[in-house]
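For reference, the structure discussed in these notes is given below.
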Amino acid sequence: MAKQIKLEPIDHEVSVKTNNNLLSMLLQQKLNVNWKCGGRGRCSTCHVYIQSGAESLSPKSKRELKTLELISNCKENSRLACQTRVLGEGVVIELPAGMYLSEINDLDTLIGKRVQQPILHPLDGSVLVQGGMTITRSIVNELKKALQEIDQILSKT
Ligand code: FES
């Protein structure tokens, strides 16, 4: 049986099969979710906030709690979409604002441009570049360095 889920801030309602995880629903909606670790609960790039209906979701596992501890923008209502199964009705999800650094194909094309939304660290969700900032070459170099470090970390997991 399916359950209805509401997505904010895009004000979109979707149907999810009972016991399916939130990540598969987000991917079906073609939303901008990075899922860098492939849904293993290790990277936090599927981080969402639960605005309501937390009791209709599977409880947090030890793995999820451990990963959430590392996210700088983690709140009481944070969940990893890949680790969260839908069990009941009334769930409202808030997608964090911003785009993950690893989603940007060619960083050099950003030089001289003003970013509309924050650029986020793909592992801990921290804001690397605030929305509204103009990107300079030195910022791009810092971002490239961060990407290399992230790839090294992920290759060890
Ligand atoms: S996809 Fe990596 S933690 Fe969910």
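Letters for chains follow the order of the structure tokens (A, B, ...), residue numbers begin at 1 for each chain, and ligand numbers begin at 1 in the order shown.
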Next item on the list: Could you give me, as a list in words, every polymer residue with an atom at most 6 Å away from an atom of ligand 1, counting only C-alpha atoms and all ligand atoms?
Entry: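 Listed by chain and ascending number, the contacts are Trp35, Lys36, Cys37, Gly38, Gly39, Arg40, Gly41, Arg42, Cys43, Ser44, Thr45, Cys46, Leu80, Ala81 and Cys82 of chain A.
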Residues of the last selection are to be written out with N, CA and C atoms, as a PDB file, in the first residue's frame.
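File written: result-v1.pdb
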```pdb
ATOM      1  N   TRP A  35      23.517  11.287  -3.465  1.00  0.00           N
ATOM      2  CA  TRP A  35      23.710   9.889  -2.977  1.00  0.00           C
ATOM      3  C   TRP A  35      25.073   9.308  -3.339  1.00  0.00           C
ATOM      4  N   LYS A  36      26.070  10.032  -2.906  1.00  0.00           N
ATOM      5  CA  LYS A  36      27.472   9.730  -3.225  1.00  0.00           C
ATOM      6  C   LYS A  36      27.914   8.329  -2.765  1.00  0.00           C
ATOM      7  N   CYS A  37      27.412   7.847  -1.641  1.00  0.00           N
ATOM      8  CA  CYS A  37      27.866   6.529  -1.151  1.00  0.00           C
ATOM      9  C   CYS A  37      27.002   5.389  -1.678  1.00  0.00           C
ATOM     10  N   GLY A  38      26.071   5.714  -2.551  1.00  0.00           N
ATOM     11  CA  GLY A  38      25.227   4.671  -3.132  1.00  0.00           C
ATOM     12  C   GLY A  38      24.138   4.167  -2.197  1.00  0.00           C
ATOM     13  N   GLY A  39      23.777   4.966  -1.212  1.00  0.00           N
ATOM     14  CA  GLY A  39      22.678   4.587  -0.324  1.00  0.00           C
ATOM     15  C   GLY A  39      23.104   3.727   0.846  1.00  0.00           C
ATOM     16  N   ARG A  40      24.367   3.827   1.260  1.00  0.00           N
ATOM     17  CA  ARG A  40      24.864   3.005   2.362  1.00  0.00           C
ATOM     18  C   ARG A  40      24.893   3.739   3.708  1.00  0.00           C
ATOM     19  N   GLY A  41      24.371   4.970   3.716  1.00  0.00           N
ATOM     20  CA  GLY A  41      24.312   5.704   4.987  1.00  0.00           C
ATOM     21  C   GLY A  41      25.644   6.265   5.434  1.00  0.00           C
ATOM     22  N   ARG A  42      26.564   6.477   4.524  1.00  0.00           N
ATOM     23  CA  ARG A  42      27.913   6.896   4.910  1.00  0.00           C
ATOM     24  C   ARG A  42      28.283   8.321   4.510  1.00  0.00           C
ATOM     25  N   CYS A  43      27.525   8.926   3.591  1.00  0.00           N
ATOM     26  CA  CYS A  43      28.020  10.198   3.050  1.00  0.00           C
ATOM     27  C   CYS A  43      27.189  11.416   3.436  1.00  0.00           C
ATOM     28  N   SER A  44      25.938  11.236   3.709  1.00  0.00           N
ATOM     29  CA  SER A  44      25.014  12.318   4.087  1.00  0.00           C
ATOM     30  C   SER A  44      24.551  13.194   2.923  1.00  0.00           C
ATOM     31  N   THR A  45      24.838  12.807   1.696  1.00  0.00           N
ATOM     32  CA  THR A  45      24.390  13.635   0.568  1.00  0.00           C
ATOM     33  C   THR A  45      22.914  13.400   0.229  1.00  0.00           C
ATOM     34  N   CYS A  46      22.241  12.620   1.029  1.00  0.00           N
ATOM     35  CA  CYS A  46      20.794  12.443   0.852  1.00  0.00           C
ATOM     36  C   CYS A  46      20.068  13.013   2.064  1.00  0.00           C
ATOM     37  N   LEU A  80      18.688  10.682   7.004  1.00  0.00           N
ATOM     38  CA  LEU A  80      19.319  10.310   5.738  1.00  0.00           C
ATOM     39  C   LEU A  80      18.249   9.588   4.931  1.00  0.00           C
ATOM     40  N   ALA A  81      17.936  10.120   3.759  1.00  0.00           N
ATOM     41  CA  ALA A  81      16.828   9.568   2.973  1.00  0.00           C
ATOM     42  C   ALA A  81      17.045   8.092   2.641  1.00  0.00           C
ATOM     43  N   CYS A  82      18.310   7.701   2.447  1.00  0.00           N
ATOM     44  CA  CYS A  82      18.577   6.307   2.063  1.00  0.00           C
ATOM     45  C   CYS A  82      18.344   5.330   3.211  1.00  0.00           C
TER      46      CYS A  82
END
```
Next item on the list: Pick out each residue of chain A that DSSP on the backbone tags as strand (DSSP E or B); I need them as a ChimeraX atom specification.
Entry: /A:2-8,12-17,21,47-52,57,78-80,85-86,91-94,99-100,114,119-120,127-129,134
Margin query: Residues near Val48 of chain A, anyone? I mean within 9 Å using only C-alpha atoms, not counting same-chain ones fewer than 6 positions away, as a list of chain:residue names.
Written below: A:Asn77, A:Ser78, A:Arg79, A:Leu80, A:Ala81, A:Ile93, A:Glu94, A:Leu95, A:Pro96
Output N, CA and C atoms for every residue in that selection, as an mmCIF file, in the first residue's frame.
```cif
data_model
loop_
_atom_site.group_PDB
_atom_site.id
_atom_site.type_symbol
_atom_site.label_atom_id
_atom_site.label_comp_id
_atom_site.auth_asym_id
_atom_site.auth_seq_id
_atom_site.Cartn_x
_atom_site.Cartn_y
_atom_site.Cartn_z
ATOM 1 N N ASN A 77 15.553 17.038 13.583
ATOM 2 C CA ASN A 77 14.673 16.386 12.599
ATOM 3 C C ASN A 77 15.413 15.947 11.329
ATOM 4 N N SER A 78 16.734 15.864 11.392
ATOM 5 C CA SER A 78 17.506 15.414 10.222
ATOM 6 C C SER A 78 17.359 13.915 10.020
ATOM 7 N N ARG A 79 17.299 13.483 8.775
ATOM 8 C CA ARG A 79 17.329 12.059 8.427
ATOM 9 C C ARG A 79 18.148 11.882 7.154
ATOM 10 N N LEU A 80 18.688 10.682 7.004
ATOM 11 C CA LEU A 80 19.319 10.310 5.738
ATOM 12 C C LEU A 80 18.249 9.588 4.931
ATOM 13 N N ALA A 81 17.936 10.120 3.759
ATOM 14 C CA ALA A 81 16.828 9.568 2.973
ATOM 15 C C ALA A 81 17.045 8.092 2.641
ATOM 16 N N ILE A 93 8.566 16.378 4.138
ATOM 17 C CA ILE A 93 10.034 16.455 4.061
ATOM 18 C C ILE A 93 10.460 17.815 3.561
ATOM 19 N N GLU A 94 11.510 18.334 4.180
ATOM 20 C CA GLU A 94 12.085 19.590 3.688
ATOM 21 C C GLU A 94 13.445 19.276 3.083
ATOM 22 N N LEU A 95 13.638 19.702 1.837
ATOM 23 C CA LEU A 95 14.923 19.480 1.178
ATOM 24 C C LEU A 95 15.854 20.634 1.545
ATOM 25 N N PRO A 96 17.091 20.353 1.981
ATOM 26 C CA PRO A 96 18.002 21.450 2.347
ATOM 27 C C PRO A 96 18.313 22.342 1.146
#
```
Next item on the list: To one decimal in Å, tell me the separation between atom CA of Ala2 of chain A and atom CA of Val91 of chain A.
Entry: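 Distance reported for this atom pair: 12.4 Å.
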Notebook entry, point to check: Using only C-alpha atoms, which residue out of A:Gln116, A:Gly125, A:Gly90, A:Leu101 lies closest to Ala146 of chain A?
Noted result: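 Counting only C-alpha atoms, the residue closest to Ala146 of chain A is A:Leu101.
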Kindly provide the residues of segment 33-101 of chain A that approach segment 130-142 of chain A to within 12 Å, each paired with its closest atom pair and their distance in Å to one decimal, based on only C-alpha atoms, listed by chain and increasing number, as JSON lines.
```
{"residue": "A:Ala97", "atom": "CA", "partner": "A:Gly131", "partner_atom": "CA", "distance": 9.6}
{"residue": "A:Gly98", "atom": "CA", "partner": "A:Gly131", "partner_atom": "CA", "distance": 7.9}
{"residue": "A:Met99", "atom": "CA", "partner": "A:Gly131", "partner_atom": "CA", "distance": 10.0}
{"residue": "A:Leu101", "atom": "CA", "partner": "A:Val140", "partner_atom": "CA", "distance": 10.6}
```
Resulting file, chosen residues, C-alpha atoms, as a CSV table (one decimal), in the first residue's frame:
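New file out20.csv:
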```csv
chain,number,residue,atom,x,y,z
A,97,ALA,CA,18.7,24.6,0.3
A,98,GLY,CA,21.8,24.5,-1.9
A,99,MET,CA,23.6,22.3,-4.3
A,101,LEU,CA,29.8,20.7,-4.8
```
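Distances here use only C-alpha atoms; by that measure, the residue among A:Gln28, A:Ser126, A:Asn105, A:Val92 closest to Asp11 of chain A is A:Val92.
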Note to self: Among segment 40-128 of chain A, which residues does DSSP mark as alpha helix (DSSP H) when it is run on the backbone? Keep the chain and numbering as in the structure and answer as a ChimeraX atom specification.
What the structure shows: /A:62-68
Resulting file, chosen residues, C-alpha atoms, as a PDB file, in the first residue's frame:
```
ATOM      1  CA  LYS A  62      23.301   3.297  14.585  1.00  0.00           C
ATOM      2  CA  ARG A  63      24.880   3.845  11.154  1.00  0.00           C
ATOM      3  CA  GLU A  64      22.554   6.752  10.387  1.00  0.00           C
ATOM      4  CA  LEU A  65      23.117   8.383  13.791  1.00  0.00           C
ATOM      5  CA  LYS A  66      26.881   8.103  13.340  1.00  0.00           C
ATOM      6  CA  THR A  67      26.775   9.788   9.915  1.00  0.00           C
ATOM      7  CA  LEU A  68      24.334  12.477  11.047  1.00  0.00           C
TER       8      LEU A  68
END
```
Notebook entry, point to check: Near segment 147-150 of chain A, within 9 Å and counting only C-alpha atoms, which residues show up once chain neighbours fewer than 4 positions away are dropped, as a list in words?
Noted result: Leu101, Ser102, His121, Pro122, Leu123, Glu142, Leu143, Leu154 and Ser155 of chain A
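Every protein, DNA or RNA residue with an atom at most 8 Å from Asn20 of chain A, where only C-alpha atoms count and chain neighbours fewer than 3 positions away do not, is listed here: A:Val16, A:Lys17, A:Ser24, A:Met25, A:Arg85, A:Val86.
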Margin query: If we count only C-alpha atoms and set the cut-off at 10 Å, which residues sit around Met1 of chain A, ignoring sequence neighbours fewer than 3 positions away in its own chain? Please answer as a PyMOL selection string.
Written below: chain A and resi 15-19+87-88
